[in-house]
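Input: a single structure, listed below in structure tokens.
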Amino acid sequence: MKHLLPLALAAIAAGALASSAYANGLKRLYALDCGRILVKDQSRWTPGINVGQEKWFSNNCYLIQHERGTLVWETGLPDSIVEQKDGVDTPNFRMHRDKTLVGQLAEIGIKPDDTTYVAMSHSHADHTGNAKLFTKPKFLMQKLEHEFAMKIVPKPMNDGANVQILEGDHDVFGDGSVMIISTPGHTPGHQVLLVKLPKTGALILSGDLVHFQYMWDNKLVPPFNFNKDQSTASIERVAKLLADHKGKLWIGHDKDNTDKVDRAPKYYE
Ligand SMILES: [Zn+2]
């Protein structure tokens with residue numbers, strides 16, 4: 001008789017897990033519109049495939065509210081692009097912004113400096129465009145990415161920005177609900193975000209681990225990445241994390257993927 005009690009408790013615990021994905025301090029995740037990019041030749045990502053064909057990339061930022069603070073993940077294309085009706089053209093891309101990051105945060109009742117933390121997947125301009133708006137929050141950056149960012153001209157962040165240097169994975173709020181996962185390869189210190197939402201379940205926000213679904217399905221590494229072997233290892237690591245957590249990958253630049261995501265003011269719990 002004695003041994004039956006633990007079994008009964010285990011059954012109750014399993015039932016509880018099935019009805020609620022995670023019990024933690026995470027409250028909400030908002031997906032914000034952080035611009036869109038017309039890529040003029042998608043074969044830059046997939047050599048020999050779809051040569052000369054245009055492709056639209058989405059661009060997302062996210063606001064995560066936890067009972068111990070808030071995290072902005074990615075800062076997107078610069079808000080100033082919203083003033084250019086026809087976008088900003090470069091030889092390889094045309095960049096657009098329909099709404100500002102600041103405006104979308106204001107709709108949720110948040111100013112940039114109200115946030116506790118800012119983290120960006122990496123230091124390229126489509127992810128760091130508004131980093132200078134955050135003067136008080138702590139930036140969570142890998143050591144190698146910080147070194148890389150400081151060599152970019154102009155610097156993506158303010159001089160004297162409040163930076164916490166990371167070396168590997170990092171538990172943002174201390175309860176395992178929001179984990180920065182080190183995934184080098186696209187850049188020296190690229191990182192993705194594993195989010196364990198109480199109702200929605202586990203998500204991984206991709207950064208530029210891959211840029212669109214075809215690349216994920218075929219485990220493709222674009223030729224311009226910083227390190228091919230690291231990129232492949234990072235893709236494999238994320239695939240294992242997704243399997244372990246029965247999670248979904250949200251690919252920030254994949255327009256079809258983003259079109260299925262509810263953007264702010266809607267949110268995920
Ligand atoms: Zn990007």
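Within each chain, counting starts at residue 1; across the structure tokens, chains are named A, B, ... in the order shown, with ligands numbered 1 upward in that order.
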Using only C-alpha atoms and all ligand atoms, which residues have at least one atom no more than 7 Å from ligand 1? Output them as a list in words.
His124, Asp126, His127, Gly207, Asp208 and His253 of chain A
Hey, can you spit out that residue selection with N, CA, C and O atoms as a PDB file, in the first residue's frame?
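So the final result, stored in selection_13.pdb, reads:
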ATOM      1  N   HIS A 124      24.008  43.030 -35.980  1.00  0.00           N
ATOM      2  CA  HIS A 124      23.740  43.598 -37.304  1.00  0.00           C
ATOM      3  C   HIS A 124      22.633  44.662 -37.204  1.00  0.00           C
ATOM      4  O   HIS A 124      21.785  44.616 -36.314  1.00  0.00           O
ATOM      5  N   ASP A 126      19.850  45.458 -38.596  1.00  0.00           N
ATOM      6  CA  ASP A 126      18.402  45.222 -38.560  1.00  0.00           C
ATOM      7  C   ASP A 126      17.940  44.702 -37.194  1.00  0.00           C
ATOM      8  O   ASP A 126      16.744  44.518 -36.968  1.00  0.00           O
ATOM      9  N   HIS A 127      18.878  44.474 -36.279  1.00  0.00           N
ATOM     10  CA  HIS A 127      18.548  43.997 -34.929  1.00  0.00           C
ATOM     11  C   HIS A 127      18.904  45.017 -33.853  1.00  0.00           C
ATOM     12  O   HIS A 127      18.425  44.932 -32.730  1.00  0.00           O
ATOM     13  N   GLY A 207      16.457  34.864 -33.867  1.00  0.00           N
ATOM     14  CA  GLY A 207      17.496  35.755 -34.387  1.00  0.00           C
ATOM     15  C   GLY A 207      17.780  35.371 -35.835  1.00  0.00           C
ATOM     16  O   GLY A 207      16.863  35.007 -36.578  1.00  0.00           O
ATOM     17  N   ASP A 208      19.047  35.395 -36.222  1.00  0.00           N
ATOM     18  CA  ASP A 208      19.409  34.988 -37.593  1.00  0.00           C
ATOM     19  C   ASP A 208      20.100  33.626 -37.611  1.00  0.00           C
ATOM     20  O   ASP A 208      20.957  33.367 -38.453  1.00  0.00           O
ATOM     21  N   HIS A 253      12.804  36.504 -39.516  1.00  0.00           N
ATOM     22  CA  HIS A 253      12.818  37.075 -40.869  1.00  0.00           C
ATOM     23  C   HIS A 253      11.907  36.316 -41.841  1.00  0.00           C
ATOM     24  O   HIS A 253      11.813  36.694 -43.003  1.00  0.00           O
TER      25      HIS A 253
END
Residue contacts of stretch 177-189 of chain A (7 Å, only C-alpha atoms) excluding same-chain residues fewer than 4 positions away, as number ranges by chain
A: 24, 26, 122, 142, 144-145, 168-173, 193-196, 208-209, 225-228, 230-231, 234
Write out as a ChimeraX atom specification each polymer residue whose atoms come within 9 Å of stretch 101-113 of chain A, counting only C-alpha atoms; drop sequence neighbours fewer than 4 positions from it.
/A:32-34,61,63,72,75-79,130,133-137,264-265
For the residues selected in the previous step, produce a file with C-alpha atoms as a short mmCIF file (atom, residue, chain, number, x, y, z; two decimals), in the first residue's frame.
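Now in result17.cif:
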data_model
loop_
_atom_site.label_atom_id
_atom_site.label_comp_id
_atom_site.auth_asym_id
_atom_site.auth_seq_id
_atom_site.Cartn_x
_atom_site.Cartn_y
_atom_site.Cartn_z
CA LEU A 32 6.27 43.84 -32.28
CA ASP A 33 6.58 44.94 -35.91
CA CYS A 34 10.21 45.99 -36.29
CA CYS A 61 11.09 42.64 -31.85
CA LEU A 63 8.57 42.48 -25.30
CA VAL A 72 13.07 43.64 -24.95
CA THR A 75 15.48 46.40 -31.36
CA GLY A 76 14.87 46.14 -35.12
CA LEU A 77 15.45 48.56 -37.95
CA PRO A 78 15.86 52.20 -36.87
CA ASP A 79 12.56 53.91 -36.07
CA ASN A 130 17.05 51.30 -31.83
CA LEU A 133 16.99 54.54 -27.25
CA PHE A 134 17.63 52.32 -24.21
CA THR A 135 19.87 54.31 -21.86
CA LYS A 136 19.07 52.65 -18.52
CA PRO A 137 18.23 48.95 -19.14
CA ALA A 264 0.97 43.59 -30.31
CA PRO A 265 -1.31 44.72 -28.76
#
Point-to-point distance from atom CA of A:Lys99 to atom CA of A:Phe139, Å rounded to tenths
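Result for atom CA of A:Lys99 versus atom CA of A:Phe139: 23.4 Å, one decimal.
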Using only C-alpha atoms, which residue out of A:Pro198, A:Lys155, A:Phe148, A:Asp86 lies closest to A:Gly25?
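Answer, going by the shortest atom-to-atom distance: A:Pro198.
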As a VMD selection string, please: every residue in stretch 33-255 of chain A that DSSP puts in helix (DSSP H, G or I).
chain A and resid 42 to 44 79 to 83 101 to 107 112 to 114 125 to 128 131 to 133 143 to 149 213 to 217 228 to 245 255
Selected residues written out with C-alpha atoms, as an mmCIF file, in the first residue's frame:
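Output below, filename selection20.cif:
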data_model
loop_
_atom_site.group_PDB
_atom_site.id
_atom_site.type_symbol
_atom_site.label_atom_id
_atom_site.label_comp_id
_atom_site.auth_asym_id
_atom_site.auth_seq_id
_atom_site.Cartn_x
_atom_site.Cartn_y
_atom_site.Cartn_z
ATOM 1 C CA GLN A 42 17.468 35.609 -52.207
ATOM 2 C CA SER A 43 20.262 33.370 -53.523
ATOM 3 C CA ARG A 44 22.668 35.338 -51.295
ATOM 4 C CA ASP A 79 12.556 53.913 -36.066
ATOM 5 C CA SER A 80 13.620 56.873 -38.281
ATOM 6 C CA ILE A 81 12.966 54.733 -41.389
ATOM 7 C CA VAL A 82 9.221 55.202 -40.750
ATOM 8 C CA GLU A 83 9.609 58.742 -42.136
ATOM 9 C CA LEU A 101 9.211 50.443 -31.855
ATOM 10 C CA VAL A 102 8.722 53.340 -29.423
ATOM 11 C CA GLY A 103 5.109 53.795 -30.580
ATOM 12 C CA GLN A 104 4.300 50.109 -30.171
ATOM 13 C CA LEU A 105 5.852 50.029 -26.688
ATOM 14 C CA ALA A 106 3.837 53.166 -25.782
ATOM 15 C CA GLU A 107 0.621 51.389 -26.841
ATOM 16 C CA PRO A 112 12.211 52.200 -23.517
ATOM 17 C CA ASP A 113 13.865 53.098 -20.219
ATOM 18 C CA ASP A 114 11.101 51.344 -18.240
ATOM 19 C CA ALA A 125 21.864 46.798 -38.099
ATOM 20 C CA ASP A 126 18.402 45.222 -38.560
ATOM 21 C CA HIS A 127 18.548 43.997 -34.929
ATOM 22 C CA THR A 128 20.275 46.907 -33.216
ATOM 23 C CA ALA A 131 19.550 50.152 -29.201
ATOM 24 C CA LYS A 132 20.542 53.755 -28.471
ATOM 25 C CA LEU A 133 16.987 54.538 -27.253
ATOM 26 C CA LYS A 143 31.580 38.642 -24.663
ATOM 27 C CA LEU A 144 32.576 37.882 -28.271
ATOM 28 C CA GLU A 145 29.542 39.736 -29.651
ATOM 29 C CA HIS A 146 30.318 42.792 -27.562
ATOM 30 C CA GLU A 147 33.881 42.831 -28.922
ATOM 31 C CA PHE A 148 32.482 42.447 -32.460
ATOM 32 C CA ALA A 149 29.890 45.214 -31.939
ATOM 33 C CA GLN A 213 11.878 28.216 -43.264
ATOM 34 C CA TYR A 214 13.588 26.618 -46.294
ATOM 35 C CA MET A 215 16.953 27.202 -44.625
ATOM 36 C CA TRP A 216 15.766 25.577 -41.398
ATOM 37 C CA ASP A 217 14.234 22.607 -43.220
ATOM 38 C CA LYS A 228 30.062 27.665 -40.919
ATOM 39 C CA ASP A 229 30.864 24.821 -38.481
ATOM 40 C CA GLN A 230 29.667 26.837 -35.495
ATOM 41 C CA SER A 231 26.501 27.741 -37.428
ATOM 42 C CA THR A 232 25.745 24.079 -38.143
ATOM 43 C CA ALA A 233 26.411 23.094 -34.512
ATOM 44 C CA SER A 234 24.121 25.894 -33.300
ATOM 45 C CA ILE A 235 21.310 24.778 -35.640
ATOM 46 C CA GLU A 236 21.680 21.228 -34.302
ATOM 47 C CA ARG A 237 21.629 22.458 -30.714
ATOM 48 C CA VAL A 238 18.429 24.443 -31.292
ATOM 49 C CA ALA A 239 16.796 21.454 -33.030
ATOM 50 C CA LYS A 240 17.539 19.340 -29.937
ATOM 51 C CA LEU A 241 16.193 22.029 -27.566
ATOM 52 C CA LEU A 242 12.985 22.234 -29.605
ATOM 53 C CA ALA A 243 12.589 18.462 -29.462
ATOM 54 C CA ASP A 244 13.339 18.326 -25.718
ATOM 55 C CA HIS A 245 10.813 21.086 -24.927
ATOM 56 C CA LYS A 255 7.395 36.422 -43.537
#
Extract, using only C-alpha atoms, all DNA, RNA and protein residues at most 9 Å from A:Arg28, discarding same-chain residues fewer than 5 positions from it, and format them as a PyMOL selection string.
chain A and resi 63-66+197+267-269
For A:Tyr62, which residue out of A:Thr115, A:Asn162, A:Ser123, A:Thr90 is the nearest one, using only C-alpha atoms?
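Of the candidates, the smallest distance to A:Tyr62 is held by A:Thr115.
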A:Arg36 surroundings by only C-alpha atoms, 9 Å radius, close-in-sequence under 5 positions cut, as a list in words:
Trp56, Phe57, Ser58, Asn59, Asn60, Leu77, Arg94, Met95, His96, Arg97, Asp98, His253 and Lys255 of chain A
Distance criterion (only C-alpha atoms): nearest to A:Gly35 out of A:Glu74, A:Asp175, A:Asp256, A:Asp262
A:Glu74
